[in-house]
Every structure is written in structure tokens, then in C-alpha cells.
Amino acid sequence: MLCLGGLSVALALALVPVSADAKEGECEVCVSFLGKFYESLKDNDVKFSNADIEKALIKTCKDAKGKENRFCYYIGATSDAATKMINEVSKPLSYHVPVEKICDKLKKKDSQICELKYDTQLDLSTVDLKKLKVKDLKKILEEWGESCKGCAEKSDFIRKITELMPKYAPSAAQARTDL
């Protein structure tokens, strides 16, 4: 009977429209990361208890990179985080509260969470690498988990990217050879 009550609460929360605070595109990283995390919990048949969700969240955050790692830092799921708000995520997730609602509540606790936005992705098949800044070239390599040891000139970074492109962006590499 208690399980049925919890299910009806979760269903009611799922049917409530997202508040006016959460606009389209706002809390982009939070909604995306927690959405993928929630789906991974369901796919891996994780028990929806606070403790199990917290363990899974910390484990997922260890592998997070870029903006998602910053999000994990803000909620306290990284080892170097100053605050701990993991329970603000795990408890609602255990009741299957929609991620948009969770992010909306997190925004009220720490507005930085909803200010995180993903960087725009470059279309490597058409972009002229010579016109990019070295900072952008380094960022491409960083996204791939690579570095360019001994690169001093912009041409060194471009050479390294074109060398690794078939491995990390095969469709872009194919499109570039077709040009």
C-alpha cells in the first residue's frame, strides 16, 4: 500500500508542468547530466534508495569531464568539492521526481548550477582549422582526451588534430578527404 502511495506521488509530480523558473535551455548541463544518469540507473537495475543513488552518482562523477564535472563539483559529488548537496539529488531521484524539477530546486540553492552551458560543438568536417585559435585547437584535443606534447606552433596542433581525426571523428575525417 505504501509503495502505491509513493508511485502516485511520483506520477503526480511527473504530470505537473515545469515551473516558470525553468525556461527552455536553462539548466542545460544539469538536466542533461541527471537525465543520462537517471536512465543509466534504470538500465543497470540500481535499487532506487538514497545510498545506492549517491554511490552511483559519485562513481559517475569520477568519470565526468568538462561542464559535467563542474556540475558534479557544485553538488558535492567530487572529492575536492567544498559543499555536499548530493542528497538534494539522490532523494528526489529515489522518488522518480523529474530531473527538471530537481534542477529547479538546485537552482534555488546554488544559481551557478543553472548557469552551466555546454560549449558549442565545432563541425570538424567543414571548419578551417587554420582559422581557429590555438586555444580552440587545444580544446578539441582535450575533448578527445589527447594532448600535444612538444607542440610549439599552431601548425603542430593542426597536424596532431588531422592525425587523430580518423580515430575520434571518422565521419569528419572522411568528409575532409572528399573535399
# chains A, B, ... in the order shown; residues from 1 in each chain; ligands from 1
$ residues_around --residues "Lys55 in chain A" --least-positions-apart "3" --cutoff "12 Å" --atoms "only C-alpha atoms" --output "list in words"
Leu41, Val46, Lys47, Phe48, Ser49, Asn50, Ala51, Asp52, Ile58, Lys59, Thr60, Cys61, Lys62, Ala77, Thr78, Ile86, Asn87, Val89 and Ser90 of chain A
$ write_last_selection --atoms "C-alpha atoms" --output "PDB file, in the first residue's frame"
ATOM      1  CA  LEU A  41      20.255   3.835 -13.087  1.00  0.00           C
ATOM      2  CA  VAL A  46      20.087   0.015  -9.461  1.00  0.00           C
ATOM      3  CA  LYS A  47      17.911  -0.043  -6.357  1.00  0.00           C
ATOM      4  CA  PHE A  48      16.342   3.391  -6.017  1.00  0.00           C
ATOM      5  CA  SER A  49      17.498   4.100  -2.461  1.00  0.00           C
ATOM      6  CA  ASN A  50      19.358   7.231  -1.344  1.00  0.00           C
ATOM      7  CA  ALA A  51      22.574   5.357  -0.527  1.00  0.00           C
ATOM      8  CA  ASP A  52      22.700   3.413  -3.811  1.00  0.00           C
ATOM      9  CA  ILE A  58      29.850   9.701  -7.081  1.00  0.00           C
ATOM     10  CA  LYS A  59      31.086   6.911  -9.354  1.00  0.00           C
ATOM     11  CA  THR A  60      29.608   8.621 -12.434  1.00  0.00           C
ATOM     12  CA  CYS A  61      31.079  11.974 -11.418  1.00  0.00           C
ATOM     13  CA  LYS A  62      34.594  10.483 -11.220  1.00  0.00           C
ATOM     14  CA  ALA A  77      29.924  14.702  -5.824  1.00  0.00           C
ATOM     15  CA  THR A  78      33.643  15.221  -6.434  1.00  0.00           C
ATOM     16  CA  ILE A  86      24.237  15.102  -3.128  1.00  0.00           C
ATOM     17  CA  ASN A  87      21.156  14.292  -1.061  1.00  0.00           C
ATOM     18  CA  VAL A  89      19.730  14.950  -5.993  1.00  0.00           C
ATOM     19  CA  SER A  90      19.582  11.392  -4.644  1.00  0.00           C
TER      20      SER A  90
END
$ atom_distance --atom1 "CA of Pro92 in chain A" --atom2 "CA of Glu26 in chain A"
19.7 Å
$ closest_atom_pairs --of "range 27-110 of chain A" --to "range 134-151 of chain A" --cutoff "12 Å" --atoms "only C-alpha atoms" --output "JSON lines"
{"residue": "A:Asp63", "atom": "CA", "partner": "A:Gly145", "partner_atom": "CA", "distance": 11.9}
{"residue": "A:Ala64", "atom": "CA", "partner": "A:Glu143", "partner_atom": "CA", "distance": 11.5}
{"residue": "A:Lys65", "atom": "CA", "partner": "A:Glu143", "partner_atom": "CA", "distance": 8.4}
{"residue": "A:Gly66", "atom": "CA", "partner": "A:Glu143", "partner_atom": "CA", "distance": 8.3}
{"residue": "A:Lys67", "atom": "CA", "partner": "A:Glu143", "partner_atom": "CA", "distance": 11.3}
$ select_by_dssp --residues "range 45-147 of chain A" --states "helix (DSSP H, G or I)" --output "ChimeraX atom specification"
/A:50-63,66-75,87-94,99-109,112-115,129-131,134-143
$ residues_around --residues "Cys114 in chain A" --least-positions-apart "2" --cutoff "10 Å" --atoms "only C-alpha atoms" --output "list in words"
Ala22, Gly25, Glu26, Cys27, Glu28, Val29, Cys30, Val31, Phe71, Cys103, Asp104, Leu106, Lys107, Lys108, Asp110, Ser111, Gln112, Leu116 and Lys117 of chain A
$ residues_around --residues "Asn44 in chain A" --least-positions-apart "6" --cutoff "12 Å" --atoms "only C-alpha atoms" --output "NGL selection string"
:A and (37-38 or 52-53 or 56)
$ decode --residues "range 127-139 of chain A" --atoms "all heavy atoms" --output "PDB file, in the first residue's frame"
ATOM      1  N   VAL A 127      34.995  23.026 -40.756  1.00  0.00           N
ATOM      2  CA  VAL A 127      35.732  24.146 -40.162  1.00  0.00           C
ATOM      3  C   VAL A 127      37.154  24.213 -40.718  1.00  0.00           C
ATOM      4  O   VAL A 127      37.783  23.189 -40.987  1.00  0.00           O
ATOM      5  CB  VAL A 127      35.744  24.045 -38.614  1.00  0.00           C
ATOM      6  CG1 VAL A 127      36.643  22.929 -38.131  1.00  0.00           C
ATOM      7  CG2 VAL A 127      36.163  25.365 -37.995  1.00  0.00           C
ATOM      8  N   ASP A 128      37.629  25.439 -40.916  1.00  0.00           N
ATOM      9  CA  ASP A 128      39.000  25.653 -41.364  1.00  0.00           C
ATOM     10  C   ASP A 128      39.883  25.723 -40.114  1.00  0.00           C
ATOM     11  O   ASP A 128      39.852  26.712 -39.378  1.00  0.00           O
ATOM     12  CB  ASP A 128      39.090  26.945 -42.175  1.00  0.00           C
ATOM     13  CG  ASP A 128      40.463  27.164 -42.786  1.00  0.00           C
ATOM     14  OD1 ASP A 128      41.356  26.309 -42.567  1.00  0.00           O
ATOM     15  OD2 ASP A 128      40.646  28.184 -43.475  1.00  0.00           O
ATOM     16  N   LEU A 129      40.628  24.666 -39.873  1.00  0.00           N
ATOM     17  CA  LEU A 129      41.455  24.587 -38.669  1.00  0.00           C
ATOM     18  C   LEU A 129      42.469  25.725 -38.584  1.00  0.00           C
ATOM     19  O   LEU A 129      42.834  26.169 -37.497  1.00  0.00           O
ATOM     20  CB  LEU A 129      42.166  23.236 -38.595  1.00  0.00           C
ATOM     21  CG  LEU A 129      41.267  22.007 -38.438  1.00  0.00           C
ATOM     22  CD1 LEU A 129      42.096  20.730 -38.521  1.00  0.00           C
ATOM     23  CD2 LEU A 129      40.495  22.059 -37.142  1.00  0.00           C
ATOM     24  N   LYS A 130      42.912  26.214 -39.729  1.00  0.00           N
ATOM     25  CA  LYS A 130      43.898  27.291 -39.748  1.00  0.00           C
ATOM     26  C   LYS A 130      43.332  28.596 -39.206  1.00  0.00           C
ATOM     27  O   LYS A 130      44.085  29.457 -38.754  1.00  0.00           O
ATOM     28  CB  LYS A 130      44.423  27.505 -41.169  1.00  0.00           C
ATOM     29  CG  LYS A 130      45.244  26.349 -41.679  1.00  0.00           C
ATOM     30  CD  LYS A 130      45.640  26.550 -43.120  1.00  0.00           C
ATOM     31  CE  LYS A 130      46.339  25.297 -43.639  1.00  0.00           C
ATOM     32  NZ  LYS A 130      46.448  25.310 -45.088  1.00  0.00           N
ATOM     33  N   LYS A 131      42.007  28.746 -39.257  1.00  0.00           N
ATOM     34  CA  LYS A 131      41.382  29.976 -38.785  1.00  0.00           C
ATOM     35  C   LYS A 131      41.021  29.919 -37.300  1.00  0.00           C
ATOM     36  O   LYS A 131      40.634  30.930 -36.719  1.00  0.00           O
ATOM     37  CB  LYS A 131      40.128  30.279 -39.602  1.00  0.00           C
ATOM     38  CG  LYS A 131      40.446  30.672 -41.036  1.00  0.00           C
ATOM     39  CD  LYS A 131      39.230  31.090 -41.787  1.00  0.00           C
ATOM     40  CE  LYS A 131      39.602  31.515 -43.201  1.00  0.00           C
ATOM     41  NZ  LYS A 131      38.430  31.915 -43.973  1.00  0.00           N
ATOM     42  N   LEU A 132      41.146  28.743 -36.682  1.00  0.00           N
ATOM     43  CA  LEU A 132      40.839  28.616 -35.259  1.00  0.00           C
ATOM     44  C   LEU A 132      42.004  29.126 -34.417  1.00  0.00           C
ATOM     45  O   LEU A 132      43.151  29.119 -34.857  1.00  0.00           O
ATOM     46  CB  LEU A 132      40.569  27.152 -34.896  1.00  0.00           C
ATOM     47  CG  LEU A 132      39.306  26.513 -35.457  1.00  0.00           C
ATOM     48  CD1 LEU A 132      39.235  25.054 -35.026  1.00  0.00           C
ATOM     49  CD2 LEU A 132      38.069  27.250 -35.003  1.00  0.00           C
ATOM     50  N   LYS A 133      41.681  29.532 -33.198  1.00  0.00           N
ATOM     51  CA  LYS A 133      42.721  29.946 -32.261  1.00  0.00           C
ATOM     52  C   LYS A 133      43.370  28.701 -31.668  1.00  0.00           C
ATOM     53  O   LYS A 133      42.758  27.640 -31.630  1.00  0.00           O
ATOM     54  CB  LYS A 133      42.115  30.790 -31.136  1.00  0.00           C
ATOM     55  CG  LYS A 133      41.543  32.095 -31.619  1.00  0.00           C
ATOM     56  CD  LYS A 133      40.938  32.863 -30.476  1.00  0.00           C
ATOM     57  CE  LYS A 133      40.365  34.176 -30.985  1.00  0.00           C
ATOM     58  NZ  LYS A 133      39.735  34.954 -29.925  1.00  0.00           N
ATOM     59  N   VAL A 134      44.588  28.844 -31.185  1.00  0.00           N
ATOM     60  CA  VAL A 134      45.310  27.727 -30.569  1.00  0.00           C
ATOM     61  C   VAL A 134      44.512  27.192 -29.380  1.00  0.00           C
ATOM     62  O   VAL A 134      44.451  25.982 -29.149  1.00  0.00           O
ATOM     63  CB  VAL A 134      46.728  28.159 -30.136  1.00  0.00           C
ATOM     64  CG1 VAL A 134      47.412  27.067 -29.346  1.00  0.00           C
ATOM     65  CG2 VAL A 134      47.562  28.522 -31.359  1.00  0.00           C
ATOM     66  N   LYS A 135      43.864  28.098 -28.653  1.00  0.00           N
ATOM     67  CA  LYS A 135      43.038  27.696 -27.511  1.00  0.00           C
ATOM     68  C   LYS A 135      41.938  26.718 -27.950  1.00  0.00           C
ATOM     69  O   LYS A 135      41.683  25.709 -27.288  1.00  0.00           O
ATOM     70  CB  LYS A 135      42.418  28.951 -26.883  1.00  0.00           C
ATOM     71  CG  LYS A 135      41.506  28.705 -25.721  1.00  0.00           C
ATOM     72  CD  LYS A 135      41.047  30.028 -25.134  1.00  0.00           C
ATOM     73  CE  LYS A 135      39.550  30.119 -25.258  1.00  0.00           C
ATOM     74  NZ  LYS A 135      38.998  31.343 -24.700  1.00  0.00           N
ATOM     75  N   ASP A 136      41.307  26.996 -29.100  1.00  0.00           N
ATOM     76  CA  ASP A 136      40.253  26.114 -29.612  1.00  0.00           C
ATOM     77  C   ASP A 136      40.829  24.789 -30.090  1.00  0.00           C
ATOM     78  O   ASP A 136      40.203  23.736 -29.922  1.00  0.00           O
ATOM     79  CB  ASP A 136      39.492  26.801 -30.751  1.00  0.00           C
ATOM     80  CG  ASP A 136      38.747  28.046 -30.270  1.00  0.00           C
ATOM     81  OD1 ASP A 136      38.305  28.060 -29.102  1.00  0.00           O
ATOM     82  OD2 ASP A 136      38.624  28.994 -31.067  1.00  0.00           O
ATOM     83  N   LEU A 137      42.005  24.823 -30.674  1.00  0.00           N
ATOM     84  CA  LEU A 137      42.653  23.591 -31.118  1.00  0.00           C
ATOM     85  C   LEU A 137      43.009  22.716 -29.917  1.00  0.00           C
ATOM     86  O   LEU A 137      42.823  21.502 -29.941  1.00  0.00           O
ATOM     87  CB  LEU A 137      43.910  23.916 -31.939  1.00  0.00           C
ATOM     88  CG  LEU A 137      43.677  24.684 -33.251  1.00  0.00           C
ATOM     89  CD1 LEU A 137      45.005  25.121 -33.845  1.00  0.00           C
ATOM     90  CD2 LEU A 137      42.883  23.855 -34.237  1.00  0.00           C
ATOM     91  N   LYS A 138      43.496  23.354 -28.852  1.00  0.00           N
ATOM     92  CA  LYS A 138      43.804  22.616 -27.623  1.00  0.00           C
ATOM     93  C   LYS A 138      42.543  22.005 -27.028  1.00  0.00           C
ATOM     94  O   LYS A 138      42.574  20.887 -26.511  1.00  0.00           O
ATOM     95  CB  LYS A 138      44.460  23.546 -26.589  1.00  0.00           C
ATOM     96  CG  LYS A 138      45.886  23.899 -26.883  1.00  0.00           C
ATOM     97  CD  LYS A 138      46.433  24.795 -25.782  1.00  0.00           C
ATOM     98  CE  LYS A 138      47.884  25.155 -26.007  1.00  0.00           C
ATOM     99  NZ  LYS A 138      48.411  26.048 -24.957  1.00  0.00           N
ATOM    100  N   LYS A 139      41.436  22.740 -27.118  1.00  0.00           N
ATOM    101  CA  LYS A 139      40.173  22.257 -26.569  1.00  0.00           C
ATOM    102  C   LYS A 139      39.681  21.018 -27.320  1.00  0.00           C
ATOM    103  O   LYS A 139      39.150  20.085 -26.709  1.00  0.00           O
ATOM    104  CB  LYS A 139      39.117  23.363 -26.598  1.00  0.00           C
ATOM    105  CG  LYS A 139      37.889  23.037 -25.781  1.00  0.00           C
ATOM    106  CD  LYS A 139      37.084  24.247 -25.360  1.00  0.00           C
ATOM    107  CE  LYS A 139      36.436  24.934 -26.493  1.00  0.00           C
ATOM    108  NZ  LYS A 139      35.427  25.919 -26.087  1.00  0.00           N
TER     109      LYS A 139
END
